[in-house]
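K.L.:
Sharing model.txt, compact mmCIF, C-alpha atoms and all ligand atoms:
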```
# COMPACT_ATOMS: atom_id res chain seq x y z
CA MET G 26 -96.38 -26.16 280.74
CA GLN G 27 -99.12 -24.65 282.78
CA ILE G 28 -97.36 -25.57 286.00
CA SER G 29 -94.06 -24.06 284.93
CA ALA G 30 -95.91 -20.90 283.89
CA LEU G 31 -97.51 -20.84 287.30
CA LYS G 32 -94.10 -21.28 288.95
CA ARG G 33 -92.72 -18.44 286.93
CA CYS G 34 -95.68 -16.38 287.95
CA VAL G 35 -95.07 -17.12 291.63
CA ALA G 36 -91.39 -16.31 291.21
CA VAL G 37 -92.26 -13.00 289.59
CA ALA G 38 -94.74 -12.25 292.36
CA ALA G 39 -92.07 -12.95 294.97
CA ALA G 40 -89.63 -10.71 293.15
CA VAL G 41 -92.23 -7.94 293.02
CA LEU G 42 -92.86 -8.42 296.73
CA VAL G 43 -89.15 -8.06 297.51
CA LEU G 44 -88.88 -5.02 295.24
CA GLY G 45 -92.00 -3.60 296.80
CA LEU G 46 -90.63 -4.02 300.30
CA SER G 47 -87.28 -2.53 299.47
CA GLY G 48 -89.10 0.23 297.63
CA SER G 49 -91.21 1.03 300.65
CA SER G 50 -88.25 0.98 303.03
CA LYS G 51 -86.47 3.30 300.63
CA ALA G 52 -89.49 5.57 300.64
CA LYS G 53 -89.46 5.56 304.43
CA ALA G 54 -85.77 6.32 304.54
CA ALA G 55 -86.34 9.11 302.06
CA THR G 56 -89.12 10.73 304.05
CA GLY G 57 -88.16 14.30 304.59
CA THR G 58 -85.71 14.46 301.74
CA GLY G 59 -88.51 14.92 299.26
CA ASN G 60 -87.97 12.06 296.84
CA THR G 61 -90.63 11.93 294.16
CA ALA G 62 -92.45 8.80 293.06
CA ASN G 63 -89.72 7.70 290.66
CA GLY G 64 -87.07 8.22 293.31
CA THR G 65 -84.68 10.01 290.99
CA HIS G 66 -85.30 13.59 292.03
CA THR G 67 -84.92 15.43 295.26
CA LEU G 68 -86.66 18.62 296.30
CA ALA G 69 -83.46 20.46 295.54
CA SER G 70 -83.19 19.31 291.93
CA ALA G 71 -86.82 18.88 290.85
CA GLU G 72 -88.62 21.87 289.44
CA GLN G 73 -91.11 23.47 291.79
CA TYR G 74 -94.34 24.71 290.29
CA VAL G 75 -95.80 27.67 292.16
CA LEU G 76 -99.11 29.47 291.80
CA HIS G 77 -100.05 32.79 293.40
CA LEU G 78 -103.81 33.21 293.50
CA HIS G 79 -106.29 35.74 294.82
CA HIS G 80 -110.02 35.00 294.83
CA LEU G 81 -112.11 38.05 294.02
CA HIS G 82 -115.28 36.69 295.65
CA THR G 83 -113.94 35.25 298.89
CA GLY G 84 -111.07 37.73 299.28
CA GLU G 85 -108.72 34.83 300.07
CA SER G 86 -105.18 34.49 298.76
CA LEU G 87 -103.12 31.35 298.22
CA ASP G 88 -99.44 30.95 297.40
CA VAL G 89 -98.71 27.30 296.85
CA VAL G 90 -96.13 24.87 295.45
CA TYR G 91 -98.61 22.52 293.84
CA ARG G 92 -96.19 20.29 291.96
CA ILE G 93 -92.61 19.12 292.42
CA GLY G 94 -91.09 17.55 289.31
CA ASP G 95 -93.76 15.17 288.03
CA THR G 96 -95.56 14.88 291.36
CA TYR G 97 -98.63 16.85 292.34
CA VAL G 98 -98.43 17.67 296.04
CA PRO G 99 -101.52 16.20 297.76
CA GLU G 100 -101.67 18.85 300.51
CA ALA G 101 -101.49 21.57 297.87
CA MET G 102 -104.28 19.91 295.86
CA ALA G 103 -106.47 19.97 298.97
CA LYS G 104 -105.71 23.64 299.56
CA LEU G 105 -106.43 24.51 295.94
CA ASN G 106 -109.68 22.55 295.90
CA TYR G 107 -110.89 24.39 298.99
CA PHE G 108 -109.68 27.74 297.69
CA LEU G 109 -111.55 27.18 294.40
CA ARG G 110 -114.75 25.98 296.10
CA ASP G 111 -118.14 27.17 294.90
CA HIS G 112 -118.25 30.56 296.63
CA ARG G 113 -122.04 30.49 296.73
CA THR G 114 -122.55 27.09 298.33
CA ASN G 115 -119.06 26.38 299.77
CA ASP G 116 -119.08 22.97 298.06
CA VAL G 117 -115.58 21.67 297.36
CA SER G 118 -114.70 19.57 294.33
CA SER G 119 -111.57 17.85 293.10
CA TYR G 120 -109.81 19.85 290.40
CA ASP G 121 -108.15 18.33 287.38
CA PRO G 122 -104.48 19.16 288.12
CA LYS G 123 -103.90 19.80 284.42
CA GLU G 124 -105.84 23.02 284.98
CA PHE G 125 -103.13 24.20 287.37
CA ASP G 126 -100.43 23.30 284.86
CA THR G 127 -102.27 25.35 282.26
CA LEU G 128 -102.40 28.41 284.54
CA HIS G 129 -98.74 27.92 285.43
CA GLU G 130 -97.70 27.67 281.79
CA LEU G 131 -99.84 30.67 280.92
CA MET G 132 -98.12 32.85 283.53
CA ALA G 133 -94.69 31.58 282.48
CA LYS G 134 -95.42 32.44 278.85
CA LEU G 135 -96.53 35.90 279.92
CA GLY G 136 -93.23 36.26 281.78
CA ARG G 137 -95.21 36.79 284.98
CA GLY G 138 -94.55 33.58 286.89
CA ASN G 139 -94.21 35.47 290.18
CA GLN G 140 -97.39 37.46 289.76
CA THR G 141 -100.81 36.84 291.28
CA ILE G 142 -103.74 35.57 289.24
CA ASP G 143 -107.12 37.01 290.18
CA ILE G 144 -109.74 34.27 290.32
CA VAL G 145 -113.16 35.34 289.10
CA CYS G 146 -114.74 31.90 289.37
CA GLY G 147 -113.58 28.37 290.15
CA TYR G 148 -115.74 25.34 290.81
CA ARG G 149 -119.50 25.61 290.30
CA THR G 150 -122.11 23.24 291.60
CA PRO G 151 -124.97 22.48 289.18
CA TRP G 152 -127.10 24.69 291.45
CA SER G 153 -124.80 27.71 291.06
CA ASN G 154 -124.40 27.13 287.34
CA ASN G 155 -128.14 27.01 286.88
CA PHE G 156 -128.55 30.09 289.06
CA LEU G 157 -126.15 32.00 286.81
CA ARG G 158 -127.69 30.72 283.59
CA THR G 159 -131.24 31.61 284.49
CA ARG G 160 -130.92 34.94 286.26
CA SER G 161 -130.97 36.79 282.94
CA SER G 162 -131.80 35.86 279.35
CA VAL G 163 -128.24 36.10 277.99
CA THR G 164 -125.53 35.20 280.47
CA GLY G 165 -122.67 33.55 278.59
CA VAL G 166 -122.90 30.60 281.01
CA ALA G 167 -122.97 27.15 279.39
CA GLN G 168 -125.45 24.52 280.50
CA HIS G 169 -122.73 21.86 280.63
CA SER G 170 -120.05 24.10 281.99
CA GLN G 171 -116.54 22.78 282.58
CA HIS G 172 -116.73 24.67 285.89
CA MET G 173 -119.09 21.92 287.13
CA LEU G 174 -116.43 19.31 286.28
CA ALA G 175 -113.75 21.26 288.17
CA LYS G 176 -111.85 21.71 284.93
CA ALA G 177 -112.34 25.46 284.42
CA ILE G 178 -111.29 28.72 286.06
CA ASP G 179 -112.15 32.29 285.06
CA ILE G 180 -109.16 34.55 285.53
CA ARG G 181 -107.84 38.07 285.27
CA VAL G 182 -104.19 39.09 285.54
CA PRO G 183 -103.66 42.65 286.77
CA GLY G 184 -101.61 44.60 284.26
CA VAL G 185 -102.34 42.21 281.38
CA GLN G 186 -104.99 43.13 278.82
CA THR G 187 -107.83 40.64 278.57
CA ARG G 188 -107.13 40.25 274.86
CA THR G 189 -103.45 39.45 275.51
CA LEU G 190 -104.41 36.94 278.17
CA ARG G 191 -106.82 35.29 275.75
CA ASP G 192 -104.26 35.10 272.94
CA MET G 193 -101.69 33.53 275.24
CA ALA G 194 -104.25 31.01 276.55
CA LEU G 195 -105.20 30.10 272.97
CA SER G 196 -101.54 29.55 272.08
CA LEU G 197 -101.34 26.75 274.67
CA HIS G 198 -103.99 24.60 272.92
CA ALA G 199 -104.71 23.16 276.35
CA GLY G 200 -108.51 23.26 276.26
CA GLY G 201 -111.33 25.77 276.05
CA VAL G 202 -110.73 29.52 276.10
CA GLY G 203 -113.58 31.98 276.59
CA TYR G 204 -113.11 35.72 276.05
CA TYR G 205 -115.22 38.10 278.17
CA PRO G 206 -113.92 41.58 277.26
CA VAL G 207 -116.74 43.51 278.93
CA SER G 208 -116.28 41.80 282.29
CA GLN G 209 -112.53 41.63 281.61
CA PHE G 210 -111.78 38.00 282.29
CA VAL G 211 -110.76 34.89 280.39
CA HIS G 212 -112.22 31.44 280.94
CA VAL G 213 -109.52 28.75 280.82
CA ASP G 214 -110.44 25.07 280.95
CA VAL G 215 -108.86 21.69 280.22
CA GLY G 216 -111.87 20.29 278.40
CA PRO G 217 -111.92 19.95 274.60
CA VAL G 218 -109.94 22.59 272.69
CA ARG G 219 -112.39 25.29 271.57
CA GLN G 220 -112.90 29.03 271.86
CA TRP G 221 -115.67 31.59 272.13
CA ALA G 222 -116.28 35.21 272.98
CA PHE G 223 -119.07 36.76 274.95
CA GLY G 224 -119.80 40.40 274.26
CA GLY G 225 -122.17 40.97 277.14
CA ARG G 226 -121.56 41.12 280.83
CA GLY G 227 -120.35 37.60 281.59
CA ASP G 228 -121.75 36.22 284.79
CA ASN G 229 -119.33 34.77 287.22
ZN ZN U 1 -115.80 30.15 282.91
```
Could you rewrite the structure in this file as structure tokens?
P.N.:
Amino acid sequence: MQISALKRCVAVAAAVLVLGLSGSSKAKAATGTGNTANGTHTLASAEQYVLHLHHLHTGESLDVVYRIGDTYVPEAMAKLNYFLRDHRTNDVSSYDPKEFDTLHELMAKLGRGNQTIDIVCGYRTPWSNNFLRTRSSVTGVAQHSQHMLAKAIDIRVPGVQTRTLRDMALSLHAGGVGYYPVSQFVHVDVGPVRQWAFGGRGDN
């Protein structure tokens, strides 16, 4: 019984190997035609997810197709991670791609998918987060900020009221939403669903 199970196991392994080989040759043959991981979509038919971003601290802009169908584009992830680096220390982290989906969905819901999002703050090292928290007594900066986990971005969308942006972000139920009306930005993260408002000058 054990032996026959083992034989079956070997047979399955061989079948996987054959499938794997044919899969990889397929992938090779498909290089340049843009097949996604499941092999059923092409670049032409799969939805392209685009983000237009402008960073208010670095002055940099980024227009990027970050996802095609169900596949996050690795080169785009690298660009986004660098773009969203800690602007004080230049440290780069690895963003949770769900954060990009949340921004994309937010802009789509606003009917502004082609518009640029102003980035107030992306990734924060613990050093930067502590710097912001301690430079005044009330800062609106959390000790365990989702910015340090590369799961949060503070944004502003030109032409959209901060309150409207907040309400739309809340409607997504995608994570945390912080409302900073005085500094006119909204914090959007993909941590636990929660919300808060900060009436003072939010540091960023
Ligand atoms: Zn924030």
K.L.:
Residues within 8 Å of ligand ZN 1 (chain U), counting all atoms listed in the file: report them as a PyMOL selection string.
P.N.:
chain G and resi 146-147+166+170-172+177-179+203+211-214+229
K.L.:
May I have the selected residues written with C-alpha atoms, as a PDB file, keeping the file's coordinate frame?
P.N.:
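Here's the written file again09.pdb:
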```pdb
ATOM      1  CA  CYS G 146    -114.740  31.900 289.370  1.00  0.00           C
ATOM      2  CA  GLY G 147    -113.580  28.370 290.150  1.00  0.00           C
ATOM      3  CA  VAL G 166    -122.900  30.600 281.010  1.00  0.00           C
ATOM      4  CA  SER G 170    -120.050  24.100 281.990  1.00  0.00           C
ATOM      5  CA  GLN G 171    -116.540  22.780 282.580  1.00  0.00           C
ATOM      6  CA  HIS G 172    -116.730  24.670 285.890  1.00  0.00           C
ATOM      7  CA  ALA G 177    -112.340  25.460 284.420  1.00  0.00           C
ATOM      8  CA  ILE G 178    -111.290  28.720 286.060  1.00  0.00           C
ATOM      9  CA  ASP G 179    -112.150  32.290 285.060  1.00  0.00           C
ATOM     10  CA  GLY G 203    -113.580  31.980 276.590  1.00  0.00           C
ATOM     11  CA  VAL G 211    -110.760  34.890 280.390  1.00  0.00           C
ATOM     12  CA  HIS G 212    -112.220  31.440 280.940  1.00  0.00           C
ATOM     13  CA  VAL G 213    -109.520  28.750 280.820  1.00  0.00           C
ATOM     14  CA  ASP G 214    -110.440  25.070 280.950  1.00  0.00           C
ATOM     15  CA  ASN G 229    -119.330  34.770 287.220  1.00  0.00           C
TER      16      ASN G 229
END
```
K.L.:
Measure the distance from atom CA of G:Asp143 to atom CA of G:Ser162 in Å and round it to one decimal.
P.N.:
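Distance reported for this atom pair: 27.0 Å.
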K.L.:
May I ask which of the residues G:Leu105, G:Leu190, G:Leu81, G:Leu87 is the closest one to G:Tyr120, counting all atoms listed in the file?
P.N.:
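Ranked by minimum distance to G:Tyr120, first place goes to G:Leu105.
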K.L.:
I need the residue nearest G:Leu131 from this list: G:Val202, G:Val207, G:Ala194, G:Met102. Use all atoms listed in the file for the distance.
P.N.:
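Nearest to G:Leu131: G:Ala194.
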K.L.:
Considering all atoms listed in the file, can you say which of G:Gln73, G:Val98, G:Gly224, G:Met193 comes closest to G:Val163?
P.N.:
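Selected residue with least distance to G:Val163: G:Gly224.
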K.L.:
Work out how far atom CA of G:Pro99 is from atom CA of G:Phe210, in Å to one decimal.
P.N.:
28.6 Å
K.L.:
Counting all atoms listed in the file, write as a list in words all protein and nucleic acid residues lying at most 6 Å from (-100.7, 25.3, 295.4) in the file's frame.
P.N.:
Leu76, Val89, Val90, Tyr91, Ala101 and Leu105 of chain G
K.L.:
Between atom CA of G:Val182 and atom CA of G:Ser86, what is the distance in Å, rounded to a tenth?
P.N.:
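Computing the Euclidean distance for atom CA of G:Val182 and atom CA of G:Ser86 yields 14.0 Å.
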K.L.:
Extending 5 Å beyond the listed atoms of stretch 124-128 of chain G on each side, what axis-aligned box results? I want centre and edge lengths in Å to one decimal, as lines of an AutoDock Vina configuration file.
P.N.:
```
center_x = -103.1
center_y = 25.7
center_z = 284.8
size_x = 15.4
size_y = 15.4
size_z = 15.1
```
K.L.:
What's the 12 Å shell around G:Ala175, counting all atoms listed in the file, without same-chain residues fewer than 4 positions away, as a PDB file with C-alpha atoms, in the frame of the given file?
P.N.:
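Final output, selection-v4.pdb:
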```pdb
ATOM      1  CA  LEU G 105    -106.430  24.510 295.940  1.00  0.00           C
ATOM      2  CA  ASN G 106    -109.680  22.550 295.900  1.00  0.00           C
ATOM      3  CA  TYR G 107    -110.890  24.390 298.990  1.00  0.00           C
ATOM      4  CA  LEU G 109    -111.550  27.180 294.400  1.00  0.00           C
ATOM      5  CA  ARG G 110    -114.750  25.980 296.100  1.00  0.00           C
ATOM      6  CA  ASP G 111    -118.140  27.170 294.900  1.00  0.00           C
ATOM      7  CA  ASP G 116    -119.080  22.970 298.060  1.00  0.00           C
ATOM      8  CA  VAL G 117    -115.580  21.670 297.360  1.00  0.00           C
ATOM      9  CA  SER G 118    -114.700  19.570 294.330  1.00  0.00           C
ATOM     10  CA  SER G 119    -111.570  17.850 293.100  1.00  0.00           C
ATOM     11  CA  TYR G 120    -109.810  19.850 290.400  1.00  0.00           C
ATOM     12  CA  ASP G 121    -108.150  18.330 287.380  1.00  0.00           C
ATOM     13  CA  PRO G 122    -104.480  19.160 288.120  1.00  0.00           C
ATOM     14  CA  LYS G 123    -103.900  19.800 284.420  1.00  0.00           C
ATOM     15  CA  GLU G 124    -105.840  23.020 284.980  1.00  0.00           C
ATOM     16  CA  PHE G 125    -103.130  24.200 287.370  1.00  0.00           C
ATOM     17  CA  CYS G 146    -114.740  31.900 289.370  1.00  0.00           C
ATOM     18  CA  GLY G 147    -113.580  28.370 290.150  1.00  0.00           C
ATOM     19  CA  TYR G 148    -115.740  25.340 290.810  1.00  0.00           C
ATOM     20  CA  ARG G 149    -119.500  25.610 290.300  1.00  0.00           C
ATOM     21  CA  THR G 150    -122.110  23.240 291.600  1.00  0.00           C
ATOM     22  CA  PRO G 151    -124.970  22.480 289.180  1.00  0.00           C
ATOM     23  CA  HIS G 169    -122.730  21.860 280.630  1.00  0.00           C
ATOM     24  CA  SER G 170    -120.050  24.100 281.990  1.00  0.00           C
ATOM     25  CA  GLN G 171    -116.540  22.780 282.580  1.00  0.00           C
ATOM     26  CA  ASP G 179    -112.150  32.290 285.060  1.00  0.00           C
ATOM     27  CA  VAL G 213    -109.520  28.750 280.820  1.00  0.00           C
ATOM     28  CA  ASP G 214    -110.440  25.070 280.950  1.00  0.00           C
ATOM     29  CA  VAL G 215    -108.860  21.690 280.220  1.00  0.00           C
ATOM     30  CA  GLY G 216    -111.870  20.290 278.400  1.00  0.00           C
TER      31      GLY G 216
END
```
K.L.:
Rank G:Asn155, G:Thr127, G:Val185, G:Ser161 by their smallest atom-to-atom distance to G:Met173, using all atoms listed in the file, and report the top residue only.
P.N.:
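Ranking G:Asn155, G:Thr127, G:Val185, G:Ser161 by distance to G:Met173, first place goes to G:Asn155.
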K.L.:
Check the smallest atom-to-atom distance from each of G:Thr114, G:Ser70, G:Asn154, G:Thr187 to G:Gly94 using all atoms listed in the file, then report the winner.
P.N.:
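Counting all atoms listed in the file, the residue closest to G:Gly94 is G:Ser70.
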K.L.:
Please identify all polymer residues within 12 Å of G:Leu135, counting all atoms listed in the file, omitting same-chain residues fewer than 2 positions from it, and present them as an mmCIF file with C-alpha atoms, keeping the file's coordinate frame.
P.N.:
```cif
data_model
loop_
_atom_site.group_PDB
_atom_site.id
_atom_site.type_symbol
_atom_site.label_atom_id
_atom_site.label_comp_id
_atom_site.auth_asym_id
_atom_site.auth_seq_id
_atom_site.Cartn_x
_atom_site.Cartn_y
_atom_site.Cartn_z
ATOM 1 C CA LEU G 128 -102.400 28.410 284.540
ATOM 2 C CA HIS G 129 -98.740 27.920 285.430
ATOM 3 C CA GLU G 130 -97.700 27.670 281.790
ATOM 4 C CA LEU G 131 -99.840 30.670 280.920
ATOM 5 C CA MET G 132 -98.120 32.850 283.530
ATOM 6 C CA ALA G 133 -94.690 31.580 282.480
ATOM 7 C CA ARG G 137 -95.210 36.790 284.980
ATOM 8 C CA GLY G 138 -94.550 33.580 286.890
ATOM 9 C CA ASN G 139 -94.210 35.470 290.180
ATOM 10 C CA GLN G 140 -97.390 37.460 289.760
ATOM 11 C CA ILE G 142 -103.740 35.570 289.240
ATOM 12 C CA VAL G 182 -104.190 39.090 285.540
ATOM 13 C CA PRO G 183 -103.660 42.650 286.770
ATOM 14 C CA GLY G 184 -101.610 44.600 284.260
ATOM 15 C CA VAL G 185 -102.340 42.210 281.380
ATOM 16 C CA GLN G 186 -104.990 43.130 278.820
ATOM 17 C CA THR G 189 -103.450 39.450 275.510
ATOM 18 C CA LEU G 190 -104.410 36.940 278.170
ATOM 19 C CA ARG G 191 -106.820 35.290 275.750
ATOM 20 C CA ASP G 192 -104.260 35.100 272.940
ATOM 21 C CA MET G 193 -101.690 33.530 275.240
ATOM 22 C CA ALA G 194 -104.250 31.010 276.550
ATOM 23 C CA SER G 196 -101.540 29.550 272.080
ATOM 24 C CA LEU G 197 -101.340 26.750 274.670
#
```
K.L.:
Smallest atom-to-atom distance to G:Gly225: which of G:Gly165, G:Gln209, G:His112, G:Ile180, using all atoms listed in the file?
P.N.:
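Smallest separation from G:Gly225 among the options: G:Gly165.
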